>>> print(open('upload26.cif').read())   # mmCIF, C-alpha atoms
data_model
loop_
_atom_site.label_atom_id
_atom_site.label_comp_id
_atom_site.auth_asym_id
_atom_site.auth_seq_id
_atom_site.Cartn_x
_atom_site.Cartn_y
_atom_site.Cartn_z
CA MET A 1 0.00 0.00 0.00
CA ASN A 2 1.41 3.41 -0.98
CA GLU A 3 1.74 5.89 1.84
CA PRO A 4 0.02 9.23 1.15
CA LEU A 5 2.28 12.28 1.30
CA VAL A 6 2.06 14.12 4.62
CA SER A 7 3.16 17.77 4.85
CA ILE A 8 4.49 18.77 8.27
CA ILE A 9 4.23 22.55 8.56
CA ILE A 10 6.47 24.22 11.14
CA PRO A 11 6.22 28.00 11.72
CA VAL A 12 9.59 29.35 12.87
CA TYR A 13 10.12 32.62 14.70
CA ASN A 14 13.07 33.19 17.05
CA VAL A 15 13.20 29.61 18.27
CA GLU A 16 16.89 29.05 17.55
CA LYS A 17 17.33 27.47 20.99
CA TYR A 18 14.63 24.85 20.39
CA LEU A 19 14.43 24.34 16.63
CA ALA A 20 16.90 21.46 16.29
CA ARG A 21 14.99 19.40 18.86
CA CYS A 22 11.78 20.01 16.93
CA VAL A 23 13.04 19.36 13.40
CA ASP A 24 15.18 16.37 14.41
CA SER A 25 12.10 14.72 15.94
CA VAL A 26 10.25 15.30 12.65
CA LEU A 27 13.02 13.93 10.46
CA ALA A 28 13.26 10.84 12.69
CA GLN A 29 9.68 9.76 11.87
CA THR A 30 9.09 6.09 11.15
CA TYR A 31 6.60 7.17 8.46
CA GLY A 32 8.31 7.30 5.08
CA ASN A 33 6.45 9.64 2.75
CA LEU A 34 6.61 13.10 4.23
CA GLU A 35 7.72 16.63 3.41
CA VAL A 36 8.73 19.22 5.98
CA VAL A 37 7.82 22.85 5.34
CA LEU A 38 9.82 25.23 7.54
CA VAL A 39 8.33 28.72 7.47
CA ASP A 40 10.81 31.37 8.58
CA ASP A 41 8.42 34.10 9.74
CA GLY A 42 10.97 36.92 9.64
CA ALA A 43 13.06 35.55 12.49
CA THR A 44 15.68 37.93 13.88
CA ASP A 45 17.90 35.23 15.39
CA ASN A 46 19.61 32.38 13.53
CA SER A 47 16.42 30.35 13.05
CA GLY A 48 16.23 31.17 9.32
CA GLU A 49 19.80 30.00 8.71
CA LEU A 50 19.06 26.76 10.57
CA CYS A 51 16.03 26.21 8.31
CA ASP A 52 18.22 26.62 5.22
CA ARG A 53 20.77 24.20 6.60
CA TYR A 54 18.12 21.53 7.11
CA ALA A 55 16.84 22.10 3.56
CA ARG A 56 20.35 21.65 2.15
CA GLU A 57 20.97 18.48 4.12
CA ASP A 58 17.63 16.69 3.66
CA ALA A 59 15.65 16.60 0.40
CA ARG A 60 12.40 16.21 2.33
CA VAL A 61 12.77 19.72 3.76
CA LYS A 62 11.80 22.98 2.06
CA THR A 63 12.13 26.45 3.57
CA VAL A 64 9.86 29.44 3.05
CA HIS A 65 11.22 32.85 4.08
CA LYS A 66 8.72 35.66 4.66
CA GLY A 67 8.29 38.87 6.61
CA ASN A 68 6.95 38.56 10.12
CA GLY A 69 3.20 38.09 10.09
CA GLY A 70 2.59 35.91 13.12
CA LEU A 71 1.73 32.25 13.65
CA SER A 72 -1.43 32.26 11.53
CA ASP A 73 0.25 33.91 8.57
CA ALA A 74 3.16 31.44 8.78
CA ARG A 75 0.82 28.44 8.83
CA ASN A 76 -1.10 29.82 5.86
CA ALA A 77 2.16 30.33 3.95
CA GLY A 78 3.19 26.80 4.84
CA MET A 79 -0.03 25.38 3.41
CA GLN A 80 0.48 27.34 0.19
CA ALA A 81 3.91 25.74 -0.18
CA ALA A 82 2.81 22.25 0.85
CA SER A 83 1.96 19.53 -1.63
CA GLY A 84 0.83 16.74 0.71
CA GLU A 85 -2.54 15.03 0.79
CA TYR A 86 -2.53 15.57 4.55
CA TYR A 87 -1.31 18.42 6.77
CA THR A 88 -0.09 18.48 10.33
CA PHE A 89 1.24 21.45 12.27
CA VAL A 90 4.11 21.40 14.74
CA ASP A 91 5.19 24.54 16.61
CA GLY A 92 8.89 25.30 16.44
CA ASP A 93 9.53 24.85 20.15
CA ASP A 94 7.55 21.60 20.47
CA TRP A 95 8.49 18.10 19.32
CA ILE A 96 6.85 14.79 18.40
CA ALA A 97 7.27 11.07 19.04
CA GLN A 98 8.96 8.99 16.33
CA ASP A 99 5.66 7.34 15.40
CA TYR A 100 3.55 10.52 15.55
CA ILE A 101 2.78 10.57 11.81
CA ALA A 102 2.43 6.80 11.55
CA TYR A 103 -0.01 6.79 14.46
CA LEU A 104 -2.17 9.62 13.13
CA CYS A 105 -2.17 8.18 9.60
CA SER A 106 -3.20 4.74 10.79
CA LEU A 107 -6.04 6.25 12.82
CA MET A 108 -7.25 8.23 9.82
CA LEU A 109 -6.95 5.55 7.15
CA GLU A 110 -8.31 2.68 9.22
CA ASN A 111 -11.38 4.71 10.19
CA HIS A 112 -11.87 6.58 6.87
CA ALA A 113 -11.69 9.90 8.72
CA GLN A 114 -10.65 13.40 7.59
CA ILE A 115 -9.19 14.45 10.96
CA SER A 116 -7.21 12.33 13.40
CA VAL A 117 -6.18 13.45 16.88
CA CYS A 118 -3.59 12.13 19.32
CA GLY A 119 -2.92 12.83 22.98
CA TYR A 120 -0.32 15.32 24.12
CA GLN A 121 1.95 15.95 27.07
CA LYS A 122 2.83 19.33 28.51
CA VAL A 123 6.55 19.63 29.15
CA TYR A 124 7.91 22.40 31.34
CA GLU A 125 11.29 24.12 31.28
CA MET A 126 13.81 22.43 33.58
CA GLU A 127 11.62 19.30 33.43
CA GLU A 128 11.99 18.32 29.80
CA ASN A 129 11.44 14.56 30.12
CA SER A 130 8.98 13.25 27.55
CA ILE A 131 7.68 9.73 27.08
CA SER A 132 5.46 8.63 24.22
CA SER A 133 2.57 6.63 25.67
CA ALA A 134 1.35 3.38 24.14
CA ASP A 135 -1.87 2.98 22.19
CA SER A 136 -5.03 3.13 24.24
CA SER A 137 -8.67 3.85 23.51
CA VAL A 138 -9.82 5.14 20.13
CA ARG A 139 -13.07 6.99 19.52
CA VAL A 140 -14.69 7.83 16.18
CA TYR A 141 -17.16 10.70 15.80
CA ASP A 142 -19.22 12.16 13.01
CA ALA A 143 -19.08 15.96 12.65
CA GLY A 144 -21.92 16.60 15.07
CA GLU A 145 -20.50 14.34 17.77
CA GLY A 146 -17.03 15.77 17.26
CA LEU A 147 -18.30 19.33 17.62
CA LEU A 148 -20.20 18.38 20.76
CA HIS A 149 -17.03 17.03 22.39
CA LEU A 150 -14.93 19.94 21.14
CA LEU A 151 -17.30 22.63 22.40
CA TYR A 152 -18.02 20.96 25.73
CA GLN A 153 -14.26 20.33 26.08
CA ARG A 154 -14.68 16.62 26.70
CA GLY A 155 -11.10 15.51 26.32
CA MET A 156 -10.76 17.70 23.22
CA ILE A 157 -8.92 20.99 22.84
CA SER A 158 -8.96 23.48 19.97
CA ALA A 159 -5.25 23.30 19.10
CA ALA A 160 -4.15 22.83 15.49
CA TRP A 161 -1.14 20.79 16.58
CA GLY A 162 -1.45 17.17 17.67
CA ARG A 163 -3.72 16.22 14.79
CA LEU A 164 -3.70 15.34 11.11
CA PHE A 165 -6.01 16.98 8.57
CA HIS A 166 -7.03 16.07 5.06
CA ALA A 167 -5.71 19.00 3.04
CA ALA A 168 -9.05 19.49 1.28
CA LEU A 169 -10.58 20.72 4.54
CA PHE A 170 -8.56 23.93 4.15
CA SER A 171 -9.87 24.70 0.65
CA ASP A 172 -11.89 27.64 2.01
CA ILE A 173 -10.50 27.93 5.55
CA CYS A 174 -7.35 29.71 6.70
CA PHE A 175 -5.97 30.91 10.01
CA PRO A 176 -6.85 34.55 10.90
CA LYS A 177 -3.75 36.69 10.45
CA GLY A 178 -2.49 38.80 13.33
CA LYS A 179 -4.72 37.23 15.98
CA LEU A 180 -4.08 35.23 19.13
CA HIS A 181 -5.96 32.01 19.92
CA GLU A 182 -6.21 31.51 16.16
CA ASP A 183 -6.86 27.79 16.49
CA VAL A 184 -10.16 28.49 18.26
CA ALA A 185 -11.31 30.43 15.20
CA VAL A 186 -10.90 27.56 12.74
CA MET A 187 -11.15 24.26 14.60
CA TYR A 188 -14.94 24.06 14.86
CA ARG A 189 -15.22 24.94 11.17
CA LEU A 190 -12.81 22.15 10.23
CA PHE A 191 -14.70 19.67 12.40
CA ASP A 192 -17.94 20.73 10.76
CA LYS A 193 -16.51 19.94 7.30
CA ALA A 194 -15.25 16.49 8.26
CA ASP A 195 -17.35 13.37 7.81
CA LYS A 196 -15.43 11.61 10.58
CA ILE A 197 -13.02 12.61 13.34
CA VAL A 198 -11.00 9.90 15.08
CA CYS A 199 -9.31 10.44 18.44
CA GLY A 200 -6.64 8.26 20.03
CA ASP A 201 -5.42 8.81 23.58
CA ALA A 202 -1.78 7.87 22.96
CA LYS A 203 0.46 10.84 23.79
CA LYS A 204 2.57 11.55 20.71
CA TYR A 205 2.91 15.35 20.82
CA PHE A 206 5.06 17.21 23.33
CA TYR A 207 3.82 20.72 24.09
CA PHE A 208 6.64 22.83 25.50
CA GLN A 209 5.70 25.43 28.12
CA ARG A 210 7.98 28.45 27.79
CA ARG A 211 7.98 31.08 30.51
CA ASP A 212 8.25 33.83 27.89
CA SER A 213 5.28 32.74 25.75
CA ILE A 214 2.41 35.21 25.24
CA VAL A 215 -0.22 32.85 26.65
CA ASN A 216 1.81 32.05 29.78
CA GLY A 217 3.05 35.58 30.42
CA THR A 218 1.41 38.74 31.75
CA PHE A 219 -1.99 39.60 30.34
CA ASP A 220 -1.93 40.91 26.78
CA ARG A 221 -4.95 42.87 25.51
CA ARG A 222 -4.74 40.87 22.28
CA ARG A 223 -5.87 37.82 24.21
CA MET A 224 -9.38 39.23 23.97
CA ASP A 225 -9.36 37.67 20.49
CA TYR A 226 -10.18 34.48 22.40
CA ILE A 227 -13.71 35.49 23.34
CA SER A 228 -14.23 37.21 20.00
CA PHE A 229 -13.70 33.85 18.32
CA THR A 230 -15.85 31.87 20.77
CA GLY A 231 -18.54 34.52 20.35
CA GLU A 232 -18.39 34.00 16.58
CA CYS A 233 -18.77 30.28 17.22
CA ILE A 234 -22.09 30.90 18.98
CA LEU A 235 -23.41 32.79 15.95
CA TYR A 236 -22.15 30.03 13.63
CA MET A 237 -23.97 27.34 15.61
CA GLU A 238 -27.15 29.40 15.87
CA GLU A 239 -27.23 29.57 12.07
CA LYS A 240 -25.98 26.12 11.07
CA HIS A 241 -26.51 23.82 14.08
CA PRO A 242 -29.05 25.28 16.52
CA ASP A 243 -28.90 22.12 18.61
CA LEU A 244 -25.24 22.90 19.38
CA THR A 245 -25.81 26.50 20.45
CA LYS A 246 -25.71 25.66 24.16
CA ALA A 247 -22.44 23.79 23.63
CA ALA A 248 -20.97 26.87 21.92
CA ILE A 249 -22.19 29.07 24.79
CA SER A 250 -20.51 26.76 27.30
CA ARG A 251 -17.23 27.06 25.34
CA HIS A 252 -17.56 30.85 25.25
CA PHE A 253 -18.28 30.97 28.97
CA SER A 254 -15.20 28.88 29.66
CA ALA A 255 -13.08 31.23 27.53
CA CYS A 256 -14.36 34.23 29.49
CA PHE A 257 -13.30 32.70 32.78
CA ASP A 258 -9.96 31.62 31.32
CA LEU A 259 -9.24 35.27 30.57
CA LEU A 260 -10.63 36.48 33.88
CA LEU A 261 -8.20 34.20 35.71
CA SER A 262 -5.23 34.97 33.47
CA THR A 263 -1.89 35.83 35.01
CA GLY A 264 -1.59 39.59 35.42
CA PHE A 265 -5.26 40.27 34.73
CA ASP A 266 -7.16 42.52 37.11
CA LYS A 267 -10.03 44.98 36.99
CA LYS A 268 -7.86 48.04 37.69
CA ASN A 269 -5.26 47.52 34.97
CA HIS A 270 -7.62 46.16 32.31
CA ALA A 271 -10.91 47.96 32.91
CA ASP A 272 -12.23 47.74 29.34
CA ALA A 273 -11.44 44.06 29.00
CA TYR A 274 -12.88 43.36 32.45
CA GLY A 275 -16.13 45.09 31.56
CA LYS A 276 -16.46 43.08 28.34
CA ILE A 277 -15.78 39.77 30.06
CA VAL A 278 -18.19 40.48 32.92
CA HIS A 279 -20.88 41.45 30.41
CA GLU A 280 -20.50 38.12 28.59
CA ILE A 281 -20.49 36.12 31.83
CA LYS A 282 -23.67 37.81 33.03
CA LYS A 283 -25.29 37.32 29.63
CA TYR A 284 -24.77 33.56 29.59
CA ARG A 285 -24.44 32.43 33.23
CA LYS A 286 -28.02 31.19 33.54
CA VAL A 287 -27.80 29.25 30.28
CA VAL A 288 -24.65 27.48 31.49
CA LEU A 289 -26.02 26.91 34.98
CA THR A 290 -29.08 25.09 33.63
CA ASP A 291 -27.19 23.14 30.94
CA THR A 292 -26.79 19.63 32.31
CA GLN A 293 -24.25 18.79 29.58
CA ALA A 294 -21.90 21.63 30.51
CA ARG A 295 -18.73 20.86 32.42
CA ARG A 296 -19.12 20.76 36.19
CA LYS A 297 -16.55 23.53 36.65
CA ASN A 298 -18.46 25.73 34.19
CA ARG A 299 -21.72 25.23 36.05
CA LEU A 300 -20.05 25.93 39.38
CA ALA A 301 -18.52 29.10 37.95
CA ALA A 302 -21.94 30.09 36.59
CA ALA A 303 -23.52 29.55 40.01
CA GLY A 304 -20.83 31.65 41.64
CA ALA A 305 -21.21 34.33 38.98
CA CYS A 306 -24.88 34.69 39.93
CA LEU A 307 -23.67 35.80 43.37
CA SER A 308 -20.34 37.58 42.88
CA ILE A 309 -17.97 37.44 39.90
CA PRO A 310 -15.05 39.07 41.81
CA ALA A 311 -15.47 36.49 44.59
CA VAL A 312 -15.28 33.63 42.08
CA GLN A 313 -12.18 35.22 40.55
CA LYS A 314 -10.44 35.51 43.92
CA LEU A 315 -11.45 32.04 45.08
CA SER A 316 -10.29 30.40 41.86
CA ARG A 317 -6.88 32.06 42.08
CA PHE A 318 -6.53 31.02 45.72
CA ILE A 319 -7.37 27.38 44.94
CA SER A 320 -4.97 27.28 41.97
CA ARG A 321 -1.97 28.53 43.99
CA PRO A 322 0.90 25.98 44.21
#
>>> encode(input="upload26.cif", output="structure tokens")
Amino acid sequence: MNEPLVSIIIPVYNVEKYLARCVDSVLAQTYGNLEVVLVDDGATDNSGELCDRYAREDARVKTVHKGNGGLSDARNAGMQAASGEYYTFVDGDDWIAQDYIAYLCSLMLENHAQISVCGYQKVYEMEENSISSADSSVRVYDAGEGLLHLLYQRGMISAAWGRLFHAALFSDICFPKGKLHEDVAVMYRLFDKADKIVCGDAKKYFYFQRRDSIVNGTFDRRRMDYISFTGECILYMEEKHPDLTKAAISRHFSACFDLLLSTGFDKKNHADAYGKIVHEIKKYRKVVLTDTQARRKNRLAAAGACLSIPAVQKLSRFISRP
């Protein structure tokens, strides 16, 4: 049986310190038919030169150099340069197990799916041990079931990494340029286009947690893109899948609290953002509270929000302290 070509798209921006670990893990794949698209997104360190070196040394690697446009723009450029039947995305500071592609391909082909998903492991600085877990349970969903699990966050996150996509899904979908939380904007649309989504629990993707990353650092006003995208998802479901509207509201509600509890976020320093988030929480708290399918933590947060949103914020931060 001929292996379909898989394009591994890696956006690269100032990850000189981590890039070799990432690309070496990709080139060590047990799967044979792959191409690696390194997208130098205007890096100001030596990342671009490293990309060129890999392209010279391995015929499977191609490099795209472009001006800095952010993660979304780099992924879009990578897809334009890719020629594979399937796409997967790996961030330049993350890495993958040797059988990452083989595992995702087998899940997809055996189940006639258009999206396959594997488990992942967070790896922290100073604790960079990573172990690929063995095969475990596999679940197959149609688009509606997949969306239900994605929106209710039942063992499913909105990341573009850690999954394999049939390239045709992106025929009319691209990542929003210049935005944060860009995966949230496209993942539900991709799921909606797929006939089948297959999910395996085996941990094959290693998600590196950098102290200097935007998401893990002090609050950035651009993070409000998060609830803009989850708000758009509500409108999308109201129009196309009314039965999933409550699920979309639950996801939006969760995003609001994620931002409310962000490191460095407080009412005094981010008054406009705080007002917007509180408005959305008040708007949807009763819907979430009465939704028996919503996550328990969402319903508890909704109950608390009916009494005092600042109290819920303070209590959550106290509980989450190390």
>>> closest_residue(input="upload26.cif", among="A:Lys203, A:Arg189, A:Lys267, A:Lys297", to="Tyr236 in chain A", atoms="only C-alpha atoms")
A:Arg189
>>> closest_residue(input="upload26.cif", among="A:Tyr205, A:Tyr152, A:Tyr188, A:Tyr18", to="Ser250 in chain A", atoms="all atoms listed in the file")
A:Tyr152
>>> closest_residue(input="upload26.cif", among="A:Ser308, A:Asn14, A:Thr88, A:Ser106", to="Asn68 in chain A", atoms="only C-alpha atoms")
A:Asn14
>>> residues_near_point(input="upload26.cif", point="(-14.8, 25.3, 23.4)", cutoff="6 Å", atoms="only C-alpha atoms", output="ChimeraX atom specification")
/A:150-153,251
>>> resolve_selection(input="upload26.cif", expression="the PyMOL selection byres ((chain A and resi 287) around 12)", output="count of residues only")
28
>>> atom_distance(input="upload26.cif", atom1="CA of Pro4 in chain A", atom2="CA of Lys62 in chain A")
18.1 Å
>>> atom_distance(input="upload26.cif", atom1="CA of Gly231 in chain A", atom2="CA of Ser158 in chain A")
14.6 Å
>>> resolve_selection(input="upload26.cif", expression="the PyMOL selection byres ((chain A and resi 107) around 12)", output="PyMOL selection string")
chain A and resi 100-106+108-118+135-140+163-165+196-202
>>> resolve_selection(input="upload26.cif", expression="the PyMOL selection byres ((chain A and resi 36-50) around 8)", output="JSON, numbers by chain")
{"A": [7, 8, 9, 10, 11, 12, 13, 14, 15, 16, 19, 26, 34, 35, 51, 52, 53, 54, 60, 61, 62, 63, 64, 65, 66, 67, 68, 69, 70, 71, 74, 75, 77, 78, 81, 82]}
>>> write_last_selection(input="upload26.cif", atoms="C-alpha atoms", output="PDB file, in the frame of the given file")
ATOM      1  CA  SER A   7       3.160  17.770   4.850  1.00  0.00           C
ATOM      2  CA  ILE A   8       4.490  18.770   8.270  1.00  0.00           C
ATOM      3  CA  ILE A   9       4.230  22.550   8.560  1.00  0.00           C
ATOM      4  CA  ILE A  10       6.470  24.220  11.140  1.00  0.00           C
ATOM      5  CA  PRO A  11       6.220  28.000  11.720  1.00  0.00           C
ATOM      6  CA  VAL A  12       9.590  29.350  12.870  1.00  0.00           C
ATOM      7  CA  TYR A  13      10.120  32.620  14.700  1.00  0.00           C
ATOM      8  CA  ASN A  14      13.070  33.190  17.050  1.00  0.00           C
ATOM      9  CA  VAL A  15      13.200  29.610  18.270  1.00  0.00           C
ATOM     10  CA  GLU A  16      16.890  29.050  17.550  1.00  0.00           C
ATOM     11  CA  LEU A  19      14.430  24.340  16.630  1.00  0.00           C
ATOM     12  CA  VAL A  26      10.250  15.300  12.650  1.00  0.00           C
ATOM     13  CA  LEU A  34       6.610  13.100   4.230  1.00  0.00           C
ATOM     14  CA  GLU A  35       7.720  16.630   3.410  1.00  0.00           C
ATOM     15  CA  CYS A  51      16.030  26.210   8.310  1.00  0.00           C
ATOM     16  CA  ASP A  52      18.220  26.620   5.220  1.00  0.00           C
ATOM     17  CA  ARG A  53      20.770  24.200   6.600  1.00  0.00           C
ATOM     18  CA  TYR A  54      18.120  21.530   7.110  1.00  0.00           C
ATOM     19  CA  ARG A  60      12.400  16.210   2.330  1.00  0.00           C
ATOM     20  CA  VAL A  61      12.770  19.720   3.760  1.00  0.00           C
ATOM     21  CA  LYS A  62      11.800  22.980   2.060  1.00  0.00           C
ATOM     22  CA  THR A  63      12.130  26.450   3.570  1.00  0.00           C
ATOM     23  CA  VAL A  64       9.860  29.440   3.050  1.00  0.00           C
ATOM     24  CA  HIS A  65      11.220  32.850   4.080  1.00  0.00           C
ATOM     25  CA  LYS A  66       8.720  35.660   4.660  1.00  0.00           C
ATOM     26  CA  GLY A  67       8.290  38.870   6.610  1.00  0.00           C
ATOM     27  CA  ASN A  68       6.950  38.560  10.120  1.00  0.00           C
ATOM     28  CA  GLY A  69       3.200  38.090  10.090  1.00  0.00           C
ATOM     29  CA  GLY A  70       2.590  35.910  13.120  1.00  0.00           C
ATOM     30  CA  LEU A  71       1.730  32.250  13.650  1.00  0.00           C
ATOM     31  CA  ALA A  74       3.160  31.440   8.780  1.00  0.00           C
ATOM     32  CA  ARG A  75       0.820  28.440   8.830  1.00  0.00           C
ATOM     33  CA  ALA A  77       2.160  30.330   3.950  1.00  0.00           C
ATOM     34  CA  GLY A  78       3.190  26.800   4.840  1.00  0.00           C
ATOM     35  CA  ALA A  81       3.910  25.740  -0.180  1.00  0.00           C
ATOM     36  CA  ALA A  82       2.810  22.250   0.850  1.00  0.00           C
TER      37      ALA A  82
END
>>> closest_residue(input="upload26.cif", among="A:Asp195, A:Asp73, A:Asp91, A:Glu182", to="Tyr226 in chain A", atoms="only C-alpha atoms")
A:Glu182
>>> axis_aligned_box(input="upload26.cif", around="range 266-274 of chain A", padding_each_side="8 Å", output="JSON")
{"center_x": -9.1, "center_y": 45.3, "center_z": 33.3, "size_x": 23.6, "size_y": 21.5, "size_z": 24.7}
>>> atom_distance(input="upload26.cif", atom1="CA of Asp172 in chain A", atom2="CA of Tyr86 in chain A")
15.5 Å
>>> closest_residue(input="upload26.cif", among="A:Ala97, A:Ala271, A:Ala160, A:Ala167", to="Arg21 in chain A", atoms="all atoms listed in the file")
A:Ala97
>>> closest_residue(input="upload26.cif", among="A:His241, A:Lys268, A:Arg210, A:Arg295", to="Asp93 in chain A", atoms="all atoms listed in the file")
A:Arg210
>>> residues_near_point(input="upload26.cif", point="(-13.8, 29.9, 14.7)", cutoff="7 Å", atoms="all atoms listed in the file", output="list in words")
Val184, Ala185, Val186, Met187, Tyr188, Arg189, Phe229, Thr230, Glu232 and Cys233 of chain A
>>> residues_around(input="upload26.cif", residues="Tyr274 in chain A", least_positions_apart="5", cutoff="12 Å", atoms="only C-alpha atoms", output="list in words")
Phe219, Arg221, Met224, Cys256, Phe257, Leu259, Leu260, Leu261, Ser262, Phe265, Asp266, Lys267, Lys268, Asn269, His279, Glu280, Ile281, Ile309, Pro310 and Gln313 of chain A
>>> decode(input="upload26.cif", residues="range 188-195 of chain A", atoms="all heavy atoms", output="mmCIF file, in the first residue's frame")
data_model
loop_
_atom_site.group_PDB
_atom_site.id
_atom_site.type_symbol
_atom_site.label_atom_id
_atom_site.label_comp_id
_atom_site.auth_asym_id
_atom_site.auth_seq_id
_atom_site.Cartn_x
_atom_site.Cartn_y
_atom_site.Cartn_z
ATOM 1 N N TYR A 188 -13.550 24.527 14.964
ATOM 2 C CA TYR A 188 -14.935 24.058 14.863
ATOM 3 C C TYR A 188 -15.398 24.040 13.408
ATOM 4 O O TYR A 188 -16.229 23.206 13.018
ATOM 5 C CB TYR A 188 -15.875 24.895 15.744
ATOM 6 C CG TYR A 188 -16.039 26.345 15.361
ATOM 7 C CD1 TYR A 188 -17.024 26.753 14.459
ATOM 8 C CD2 TYR A 188 -15.217 27.320 15.928
ATOM 9 C CE1 TYR A 188 -17.187 28.089 14.124
ATOM 10 C CE2 TYR A 188 -15.376 28.656 15.603
ATOM 11 C CZ TYR A 188 -16.357 29.035 14.705
ATOM 12 O OH TYR A 188 -16.514 30.370 14.374
ATOM 13 N N ARG A 189 -14.865 24.933 12.585
ATOM 14 C CA ARG A 189 -15.220 24.938 11.169
ATOM 15 C C ARG A 189 -14.646 23.716 10.446
ATOM 16 O O ARG A 189 -15.296 23.130 9.576
ATOM 17 C CB ARG A 189 -14.723 26.227 10.507
ATOM 18 C CG ARG A 189 -15.348 27.489 11.084
ATOM 19 C CD ARG A 189 -14.743 28.747 10.481
ATOM 20 N NE ARG A 189 -15.214 29.952 11.128
ATOM 21 C CZ ARG A 189 -16.306 30.631 10.769
ATOM 22 N NH1 ARG A 189 -17.011 30.211 9.729
ATOM 23 N NH2 ARG A 189 -16.677 31.719 11.423
ATOM 24 N N LEU A 190 -13.422 23.345 10.805
ATOM 25 C CA LEU A 190 -12.811 22.151 10.225
ATOM 26 C C LEU A 190 -13.563 20.895 10.650
ATOM 27 O O LEU A 190 -13.819 20.008 9.832
ATOM 28 C CB LEU A 190 -11.345 22.057 10.643
ATOM 29 C CG LEU A 190 -10.419 23.142 10.079
ATOM 30 C CD1 LEU A 190 -9.082 23.120 10.797
ATOM 31 C CD2 LEU A 190 -10.215 22.965 8.578
ATOM 32 N N PHE A 191 -13.926 20.815 11.921
ATOM 33 C CA PHE A 191 -14.697 19.669 12.403
ATOM 34 C C PHE A 191 -16.029 19.571 11.662
ATOM 35 O O PHE A 191 -16.490 18.479 11.334
ATOM 36 C CB PHE A 191 -14.943 19.791 13.910
ATOM 37 C CG PHE A 191 -13.869 19.187 14.760
ATOM 38 C CD1 PHE A 191 -12.525 19.425 14.500
ATOM 39 C CD2 PHE A 191 -14.195 18.380 15.845
ATOM 40 C CE1 PHE A 191 -11.527 18.872 15.284
ATOM 41 C CE2 PHE A 191 -13.205 17.820 16.636
ATOM 42 C CZ PHE A 191 -11.867 18.067 16.364
ATOM 43 N N ASP A 192 -16.638 20.719 11.412
ATOM 44 C CA ASP A 192 -17.941 20.728 10.759
ATOM 45 C C ASP A 192 -17.852 20.217 9.320
ATOM 46 O O ASP A 192 -18.822 19.666 8.787
ATOM 47 C CB ASP A 192 -18.518 22.142 10.793
ATOM 48 C CG ASP A 192 -20.006 22.178 10.480
ATOM 49 O OD1 ASP A 192 -20.677 21.142 10.655
ATOM 50 O OD2 ASP A 192 -20.507 23.251 10.080
ATOM 51 N N LYS A 193 -16.687 20.392 8.675
ATOM 52 C CA LYS A 193 -16.513 19.935 7.295
ATOM 53 C C LYS A 193 -16.160 18.456 7.201
ATOM 54 O O LYS A 193 -16.287 17.854 6.122
ATOM 55 C CB LYS A 193 -15.411 20.748 6.610
ATOM 56 C CG LYS A 193 -15.798 22.180 6.266
ATOM 57 C CD LYS A 193 -14.694 22.885 5.485
ATOM 58 C CE LYS A 193 -14.545 22.317 4.083
ATOM 59 N NZ LYS A 193 -13.540 23.064 3.286
ATOM 60 N N ALA A 194 -15.700 17.882 8.284
ATOM 61 C CA ALA A 194 -15.248 16.487 8.260
ATOM 62 C C ALA A 194 -16.425 15.523 8.376
ATOM 63 O O ALA A 194 -17.382 15.778 9.103
ATOM 64 C CB ALA A 194 -14.257 16.242 9.400
ATOM 65 N N ASP A 195 -16.346 14.416 7.648
ATOM 66 C CA ASP A 195 -17.348 13.368 7.810
ATOM 67 C C ASP A 195 -17.102 12.581 9.089
ATOM 68 O O ASP A 195 -18.036 12.196 9.790
ATOM 69 C CB ASP A 195 -17.310 12.408 6.614
ATOM 70 C CG ASP A 195 -17.735 13.078 5.328
ATOM 71 O OD1 ASP A 195 -18.649 13.927 5.383
ATOM 72 O OD2 ASP A 195 -17.146 12.776 4.278
#
